[in-house]
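Novice: Just my_file15.cif, nothing more (mmCIF, C-alpha atoms and all ligand atoms):
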```cif
data_start
loop_
_atom_site.label_atom_id
_atom_site.label_comp_id
_atom_site.auth_asym_id
_atom_site.auth_seq_id
_atom_site.Cartn_x
_atom_site.Cartn_y
_atom_site.Cartn_z
CA MET A 1 96.84 -27.46 17.41
CA ILE A 2 98.93 -29.07 20.14
CA SER A 3 101.75 -31.15 18.72
CA ARG A 4 102.24 -34.76 19.68
CA GLY A 5 105.66 -33.81 21.00
CA ILE A 6 104.17 -31.51 23.60
CA ILE A 7 101.67 -34.13 24.76
CA PHE A 8 104.40 -36.77 24.97
CA GLY A 9 106.63 -34.39 26.91
CA ALA A 10 103.80 -33.62 29.32
CA LEU A 11 103.21 -37.35 29.90
CA LEU A 12 106.91 -37.95 30.54
CA SER A 13 107.05 -35.23 33.18
CA VAL A 14 104.23 -36.89 35.18
CA ALA A 15 106.33 -39.87 36.31
CA PRO A 16 109.15 -38.02 38.11
CA ALA A 17 106.67 -35.54 39.61
CA LEU A 18 104.70 -38.42 41.15
CA ALA A 19 107.86 -40.17 42.37
CA GLN A 20 109.05 -37.00 44.05
CA SER A 21 105.73 -36.36 45.71
CA ILE A 22 105.64 -39.90 47.15
CA ALA A 23 109.11 -39.40 48.66
CA GLU A 24 107.84 -36.15 50.16
CA LYS A 25 104.60 -37.69 51.35
CA VAL A 26 106.33 -40.48 53.28
CA GLU A 27 108.69 -38.09 55.12
CA VAL A 28 106.05 -37.27 57.73
CA CYS A 29 105.46 -40.99 58.48
CA ALA A 30 108.95 -41.47 59.93
CA GLY A 31 108.16 -39.05 62.76
CA CYS A 32 105.94 -41.71 64.33
CA HIS A 33 106.47 -45.00 62.47
CA GLY A 34 110.25 -44.56 62.80
CA GLN A 35 113.16 -43.47 60.64
CA ASP A 36 114.45 -47.08 60.84
CA GLY A 37 111.01 -48.72 60.88
CA LYS A 38 110.88 -48.95 64.69
CA PRO A 39 107.87 -46.93 65.87
CA LYS A 40 108.50 -44.07 68.31
CA ASP A 41 105.80 -45.29 70.67
CA LYS A 42 104.67 -48.83 71.53
CA THR A 43 101.07 -48.12 70.57
CA ILE A 44 102.16 -47.18 67.02
CA PRO A 45 102.25 -50.14 64.62
CA VAL A 46 105.18 -51.32 62.51
CA ILE A 47 104.45 -50.55 58.85
CA TRP A 48 107.87 -51.42 57.34
CA GLY A 49 107.58 -54.79 55.62
CA GLN A 50 103.81 -54.97 56.18
CA GLN A 51 101.76 -56.45 53.32
CA ALA A 52 101.10 -53.83 50.60
CA GLY A 53 97.44 -54.77 50.07
CA TYR A 54 96.80 -54.46 53.79
CA ILE A 55 98.54 -51.06 54.10
CA TYR A 56 96.53 -49.75 51.16
CA ILE A 57 93.20 -50.89 52.67
CA GLN A 58 94.05 -49.21 56.00
CA LEU A 59 94.99 -45.89 54.36
CA ARG A 60 91.79 -46.04 52.31
CA ASP A 61 89.70 -46.89 55.39
CA TYR A 62 91.23 -44.04 57.43
CA LYS A 63 90.46 -41.69 54.56
CA ARG A 64 86.87 -42.93 54.25
CA GLY A 65 86.43 -42.85 58.02
CA ASP A 66 85.65 -46.59 58.12
CA ARG A 67 88.65 -46.91 60.47
CA LYS A 68 88.54 -43.99 62.86
CA ASN A 69 91.71 -42.50 64.31
CA GLU A 70 92.34 -38.85 65.12
CA THR A 71 96.03 -39.10 64.26
CA MET A 72 95.88 -41.01 60.97
CA GLN A 73 92.74 -39.49 59.46
CA PRO A 74 94.08 -35.96 58.83
CA ILE A 75 97.35 -37.40 57.50
CA VAL A 76 95.67 -39.41 54.74
CA SER A 77 92.84 -37.00 53.94
CA SER A 78 94.60 -35.40 50.95
CA PHE A 79 95.89 -38.68 49.46
CA GLU A 80 94.51 -39.97 46.18
CA LYS A 81 94.13 -43.66 45.43
CA ASP A 82 97.37 -43.72 43.41
CA ASP A 83 99.30 -42.07 46.28
CA MET A 84 97.99 -44.67 48.72
CA ARG A 85 98.93 -47.54 46.40
CA ALA A 86 102.44 -46.12 45.90
CA ILE A 87 102.92 -45.45 49.63
CA ALA A 88 101.77 -49.00 50.44
CA GLU A 89 104.28 -50.45 47.96
CA TYR A 90 107.02 -48.19 49.35
CA PHE A 91 106.63 -49.45 52.93
CA ALA A 92 105.95 -53.08 51.95
CA LYS A 93 109.39 -53.22 50.28
CA LYS A 94 111.21 -52.14 53.46
CA PRO A 95 112.59 -54.81 55.81
CA TRP A 96 110.50 -55.69 58.88
CA PRO A 97 112.35 -54.23 61.92
CA ASN A 98 113.24 -56.35 64.94
CA LEU A 99 111.65 -54.68 67.95
CA GLY A 100 113.56 -57.00 70.27
CA GLN A 101 110.43 -58.25 72.03
CA PRO A 102 111.03 -61.42 74.06
CA ARG A 103 109.63 -64.83 73.09
CA SER A 104 106.58 -65.51 75.21
CA PRO A 105 107.00 -67.91 78.14
CA LYS A 106 105.86 -71.50 77.57
CA HIS A 107 102.50 -71.27 79.38
CA VAL A 108 101.60 -68.12 77.38
CA ALA A 109 102.61 -69.72 74.08
CA GLN A 110 100.55 -72.83 74.90
CA ARG A 111 97.48 -70.77 75.66
CA ALA A 112 97.97 -68.70 72.47
CA LEU A 113 98.43 -71.79 70.31
CA SER A 114 95.35 -73.51 71.67
CA ALA A 115 93.29 -70.35 70.94
CA GLU A 116 94.90 -70.21 67.48
CA HIS A 117 93.88 -73.85 66.84
CA SER A 118 90.26 -73.32 67.86
CA VAL A 119 89.82 -70.09 65.84
CA GLY A 120 92.17 -70.95 62.98
CA CYS A 121 93.95 -67.59 62.78
CA THR A 122 96.64 -69.00 60.49
CA GLY A 123 93.95 -70.06 58.00
CA CYS A 124 93.96 -66.37 57.04
CA HIS A 125 97.13 -64.89 58.57
CA LEU A 126 99.12 -67.84 57.19
CA GLU A 127 102.06 -69.87 58.52
CA GLN A 128 104.09 -68.02 61.12
CA PHE A 129 101.58 -65.14 60.91
CA GLN A 130 103.34 -63.57 57.93
CA GLY A 131 100.11 -62.46 56.22
CA ASP A 132 99.60 -61.95 52.49
CA GLY A 133 97.79 -59.45 50.27
CA THR A 134 95.12 -57.71 52.32
CA THR A 135 95.71 -59.92 55.41
CA PRO A 136 98.30 -58.35 57.73
CA ARG A 137 101.51 -59.78 59.08
CA LEU A 138 101.19 -60.10 62.86
CA ALA A 139 104.54 -61.74 63.71
CA GLY A 140 106.83 -59.31 65.54
CA GLN A 141 104.22 -56.52 65.67
CA SER A 142 104.30 -54.36 68.80
CA GLN A 143 102.56 -56.15 71.69
CA GLU A 144 100.97 -52.96 73.00
CA TYR A 145 99.62 -52.09 69.55
CA LEU A 146 98.25 -55.63 69.02
CA ALA A 147 96.50 -55.55 72.40
CA LYS A 148 95.06 -52.11 71.63
CA THR A 149 93.78 -52.90 68.14
CA ILE A 150 92.30 -56.25 69.29
CA ALA A 151 90.46 -54.36 72.05
CA ASP A 152 89.32 -51.81 69.44
CA PHE A 153 87.93 -54.60 67.23
CA ARG A 154 86.03 -55.97 70.23
CA THR A 155 84.44 -52.64 71.16
CA ARG A 156 83.95 -51.76 67.45
CA ALA A 157 86.07 -48.62 67.98
CA ARG A 158 87.83 -50.24 65.01
CA GLY A 159 84.88 -51.02 62.79
CA ASN A 160 86.47 -51.49 59.39
CA ASN A 161 86.36 -55.30 59.43
CA PRO A 162 83.22 -56.79 61.05
CA GLY A 163 84.55 -60.32 60.46
CA MET A 164 87.58 -59.65 62.68
CA THR A 165 85.32 -58.03 65.27
CA ASP A 166 83.16 -61.18 65.42
CA LEU A 167 86.23 -63.40 65.79
CA MET A 168 87.73 -61.24 68.53
CA ARG A 169 84.43 -61.09 70.43
CA ALA A 170 84.17 -64.88 70.26
CA THR A 171 87.62 -65.26 71.87
CA SER A 172 88.21 -64.74 75.59
CA PRO A 173 90.19 -61.67 76.73
CA ASP A 174 92.75 -63.94 78.44
CA ASP A 175 93.32 -65.89 75.22
CA LEU A 176 93.67 -62.62 73.28
CA ALA A 177 96.20 -61.25 75.77
CA ALA A 178 98.21 -64.47 75.36
CA LEU A 179 97.98 -64.17 71.56
CA ALA A 180 99.25 -60.56 71.60
CA GLU A 181 102.24 -61.53 73.74
CA TYR A 182 102.94 -64.65 71.66
CA LEU A 183 102.67 -62.85 68.29
CA ALA A 184 104.93 -59.99 69.43
CA GLY A 185 107.66 -62.48 70.31
CA LEU A 186 107.62 -64.35 66.97
C1 LIG B 1 101.67 -38.44 64.57
C2 LIG B 1 102.02 -39.85 64.46
C3 LIG B 1 101.79 -40.57 63.14
C4 LIG B 1 102.18 -40.18 61.87
C5 LIG B 1 102.90 -38.91 61.48
C6 LIG B 1 101.79 -41.25 60.98
N1 LIG B 1 101.18 -42.26 61.66
FE1 LIG B 1 100.39 -43.97 60.88
N2 LIG B 1 99.70 -44.51 62.70
C7 LIG B 1 99.87 -43.79 63.88
C8 LIG B 1 99.11 -44.41 64.96
C9 LIG B 1 99.02 -43.95 66.40
C10 LIG B 1 98.47 -45.54 64.38
C11 LIG B 1 97.49 -46.50 65.05
C12 LIG B 1 96.12 -45.91 64.87
C13 LIG B 1 94.97 -46.82 65.20
O1 LIG B 1 94.98 -47.43 66.28
O2 LIG B 1 94.08 -46.96 64.33
C14 LIG B 1 98.88 -45.57 62.97
C15 LIG B 1 98.45 -46.54 62.08
C16 LIG B 1 98.88 -46.63 60.77
C17 LIG B 1 98.56 -47.72 59.87
C18 LIG B 1 97.77 -48.97 60.19
C19 LIG B 1 98.75 -50.11 60.47
C20 LIG B 1 98.14 -51.38 60.93
O3 LIG B 1 98.89 -52.31 61.30
O4 LIG B 1 96.91 -51.49 60.93
C21 LIG B 1 99.17 -47.44 58.66
C22 LIG B 1 99.13 -48.28 57.41
C23 LIG B 1 99.83 -46.17 58.82
N3 LIG B 1 99.65 -45.71 60.10
C24 LIG B 1 100.56 -45.54 57.81
C25 LIG B 1 101.11 -44.27 57.93
C26 LIG B 1 101.70 -43.55 56.84
C27 LIG B 1 101.86 -44.09 55.43
C28 LIG B 1 102.09 -42.33 57.33
C29 LIG B 1 102.71 -41.17 56.56
C30 LIG B 1 102.01 -40.74 55.37
C31 LIG B 1 101.74 -42.30 58.74
N4 LIG B 1 101.14 -43.49 59.06
C32 LIG B 1 101.98 -41.24 59.59
C33 LIG B 1 100.64 -42.65 64.03
C34 LIG B 1 101.16 -41.89 63.00
C1 LIG B 2 88.78 -65.25 58.15
C2 LIG B 2 90.16 -64.74 58.08
C3 LIG B 2 90.79 -64.33 59.41
C4 LIG B 2 90.90 -65.06 60.57
C5 LIG B 2 90.41 -66.48 60.86
C6 LIG B 2 91.64 -64.21 61.50
N1 LIG B 2 91.94 -63.01 60.92
FE1 LIG B 2 92.86 -61.42 61.84
N2 LIG B 2 92.56 -60.31 60.15
C7 LIG B 2 92.03 -60.75 58.97
C8 LIG B 2 91.98 -59.65 58.03
C9 LIG B 2 91.49 -59.71 56.59
C10 LIG B 2 92.50 -58.53 58.71
C11 LIG B 2 92.62 -57.10 58.17
C12 LIG B 2 91.38 -56.34 58.59
C13 LIG B 2 91.38 -54.92 58.06
O1 LIG B 2 91.49 -54.73 56.83
O2 LIG B 2 91.27 -54.01 58.87
C14 LIG B 2 92.86 -58.98 60.04
C15 LIG B 2 93.42 -58.15 61.02
C16 LIG B 2 93.90 -58.60 62.23
C17 LIG B 2 94.60 -57.77 63.18
C18 LIG B 2 94.98 -56.31 63.03
C19 LIG B 2 96.45 -56.21 62.63
C20 LIG B 2 96.94 -54.80 62.54
O3 LIG B 2 98.08 -54.60 62.09
O4 LIG B 2 96.21 -53.88 62.92
C21 LIG B 2 94.90 -58.58 64.26
C22 LIG B 2 95.65 -58.18 65.51
C23 LIG B 2 94.39 -59.90 63.96
N3 LIG B 2 93.78 -59.87 62.72
C24 LIG B 2 94.51 -60.98 64.79
C25 LIG B 2 93.92 -62.21 64.56
C26 LIG B 2 93.97 -63.31 65.50
C27 LIG B 2 94.73 -63.28 66.83
C28 LIG B 2 93.22 -64.33 64.95
C29 LIG B 2 92.87 -65.68 65.57
C30 LIG B 2 92.37 -65.62 66.97
C31 LIG B 2 92.74 -63.85 63.67
N4 LIG B 2 93.19 -62.56 63.46
C32 LIG B 2 91.95 -64.57 62.80
C33 LIG B 2 91.59 -62.03 58.69
C34 LIG B 2 91.45 -63.04 59.64
#
```
Now that the file is in, can you turn its structure into structure tokens?
Specialist:
Amino acid sequence: MISRGIIFGALLSVAPALAQSIAEKVEVCAGCHGQDGKPKDKTIPVIWGQQAGYIYIQLRDYKRGDRKNETMQPIVSSFEKDDMRAIAEYFAKKPWPNLGQPRSPKHVAQRALSAEHSVGCTGCHLEQFQGDGTTPRLAGQSQEYLAKTIADFRTRARGNNPGMTDLMRATSPDDLAALAEYLAGL
């Protein structure tokens, strides 16, 4: 018969093993998403300080193949649900990095704000585009990444959220370009 002590000891050893493996699992991320949270390439998104619920959904969707990306899919393929939750929490707790993107010029900001008012982006992305839960922060995100992922929603290359695809298709490309520039500079 296995003693209670052995079972208890086995349970205790699970926690540090998991913590260690999360630290190991996030090492690879820094190669692209940045050692200091500033991505190595402008088409790579900021994940430091992003909403935990949103990060988790993206990792899950890459793993399921609902969000297709040749780079991210193999990275997440071996992750279990608990890993993805822990990794999401890990990055959400980091400070959002300042990418030093300029504030958009007045005519761009006006165009972006009028598009924002007609669609009501902040109804979901909240005041100052800070996001919450499973809705992402957009303020200060890389302009090139925003433009790329908006285009991917429109063409359904990013098909993991049909609601966002519908909204992006209902908005003119010029308005979306203004929004990407405006959001990056917030
Ligand atoms: C080889 C480079 C590379 C590595 C390594 C990498 N990523 Fe990524 N990551 C990307 C690129 C490129 C994208 C954008 C893909 C797309 O357009 O769907 C991305 C997208 C993401 C997104 C979606 C963000 C958003 O705003 O929608 C999350 C979350 C993410 N990565 C987390 C991670 C985590 C966690 C790790 C480590 C376990 C990691 N990445 C490792 C390149 C990388
Ligand atoms: C009905 C709620 C809602 C509205 C309105 C909305 N969004 Fe979103 N948006 C979301 C959700 C939820 C996601 C996350 C989708 C996912 O899980 O992939 C998202 C994702 C995004 C992303 C991807 C961010 C990233 O890191 O990859 C961008 C960019 C974006 N929205 C821009 C906008 C803009 C610009 C508007 C207004 C023109 C807008 N959204 C209106 C709910 C909304």
Novice: Using all atoms listed in the file, can you tell me which of A:Pro105, A:Pro136, A:Gly65, A:Pro95 comes closest to ligand LIG 1 (chain B)?
Specialist: A:Pro136
Novice: So which residues touch Met84 (chain A) within 9 Å, counting only C-alpha atoms, skipping near sequence neighbours fewer than 3 positions away, as a PyMOL selection string?
Specialist: chain A and resi 55-57+59-60+76+79-81+87-89
Novice: Just how far from atom N1 of ligand LIG 2 (chain B) is CA of Cys124 (chain A), in Å to one decimal?
Specialist: 5.5 Å
Novice: Can you measure CA of Gly159 (chain A) to atom FE1 of ligand LIG 1 (chain B) for me? One decimal in Å is fine.
Specialist: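 Spanning CA of Gly159 (chain A) to atom FE1 of ligand LIG 1 (chain B) is a straight-line distance of 17.1 Å.
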Novice: Using all atoms listed in the file, which residue out of A:Ala147, A:Leu167, A:Leu179, A:Ala30 lies closest to Arg111 (chain A)?
Specialist: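 Result for the nearest residue to Arg111 (chain A): A:Leu179.
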Novice: Which residues are near Arg154 (chain A)? Cut-off 12 Å, only C-alpha atoms, ignore same chain within fewer than 6 positions. Put them as a list in words.
Specialist: Ala147, Lys148, Asn160, Asn161, Pro162, Gly163, Met164, Thr165, Asp166, Leu167, Met168, Arg169, Ala170, Thr171, Ser172, Pro173 and Leu176 of chain A
Novice: Would you mind reading off the distance between atom N4 of ligand LIG 2 (chain B) and CA of His125 (chain A), one decimal, in Å?
Specialist: 6.7 Å
Novice: Please, what is the axis-aligned box for every listed atom of ligand LIG 1 (chain B) with 3 Å on each side, as centre and edge lengths in Å to one decimal, as JSON?
Specialist:
```
{"center_x": 98.5, "center_y": -45.4, "center_z": 60.9, "size_x": 14.8, "size_y": 19.9, "size_z": 17.0}
```
Novice: Restricting the calculation to all atoms listed in the file, which member of A:Ser118, A:Gln128, A:Gln110, A:Asn69 is positioned closest to ligand LIG 1 (chain B)?
Specialist: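 Nearest to ligand LIG 1 (chain B): A:Asn69.
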Novice: Looking at A:Arg158, A:Arg103, A:Lys63, A:Lys42, which one is nearest to ligand LIG 2 (chain B), with distances taken over only C-alpha atoms and all ligand atoms?
Specialist: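 Looking at the shortest contact to ligand LIG 2 (chain B), the residue is A:Arg158.
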Novice: Can you tell me which residues surround Gln35 (chain A) at a distance of at most 12 Å, considering all atoms listed in the file, apart from same-chain residues fewer than 2 positions away, and format the answer as a PyMOL selection string?
Specialist: chain A and resi 26-33+37-40+46-48+91+94+97
Novice: Take the residues from that selection and write them out as a short mmCIF file (atom, residue, chain, number, x, y, z; two decimals), keeping the file's coordinate frame, keeping C-alpha atoms.
Specialist:
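Result went into result-v6.cif, see below:
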```
data_model
loop_
_atom_site.label_atom_id
_atom_site.label_comp_id
_atom_site.auth_asym_id
_atom_site.auth_seq_id
_atom_site.Cartn_x
_atom_site.Cartn_y
_atom_site.Cartn_z
CA VAL A 26 106.33 -40.48 53.28
CA GLU A 27 108.69 -38.09 55.12
CA VAL A 28 106.05 -37.27 57.73
CA CYS A 29 105.46 -40.99 58.48
CA ALA A 30 108.95 -41.47 59.93
CA GLY A 31 108.16 -39.05 62.76
CA CYS A 32 105.94 -41.71 64.33
CA HIS A 33 106.47 -45.00 62.47
CA GLY A 37 111.01 -48.72 60.88
CA LYS A 38 110.88 -48.95 64.69
CA PRO A 39 107.87 -46.93 65.87
CA LYS A 40 108.50 -44.07 68.31
CA VAL A 46 105.18 -51.32 62.51
CA ILE A 47 104.45 -50.55 58.85
CA TRP A 48 107.87 -51.42 57.34
CA PHE A 91 106.63 -49.45 52.93
CA LYS A 94 111.21 -52.14 53.46
CA PRO A 97 112.35 -54.23 61.92
#
```
Novice: Which one is closest to ligand LIG 2 (chain B): A:Ser77, A:Thr122, A:Asn98, A:Ser104? Count all atoms listed in the file.
Specialist: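 Closest to ligand LIG 2 (chain B), using all atoms listed in the file: A:Thr122.
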Novice: Which residue gives the smallest distance to Pro74 (chain A) among A:His117, A:Tyr62, A:Gln101, A:Glu24, with all atoms listed in the file counted?
Specialist: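 Nearest to Pro74 (chain A): A:Tyr62.
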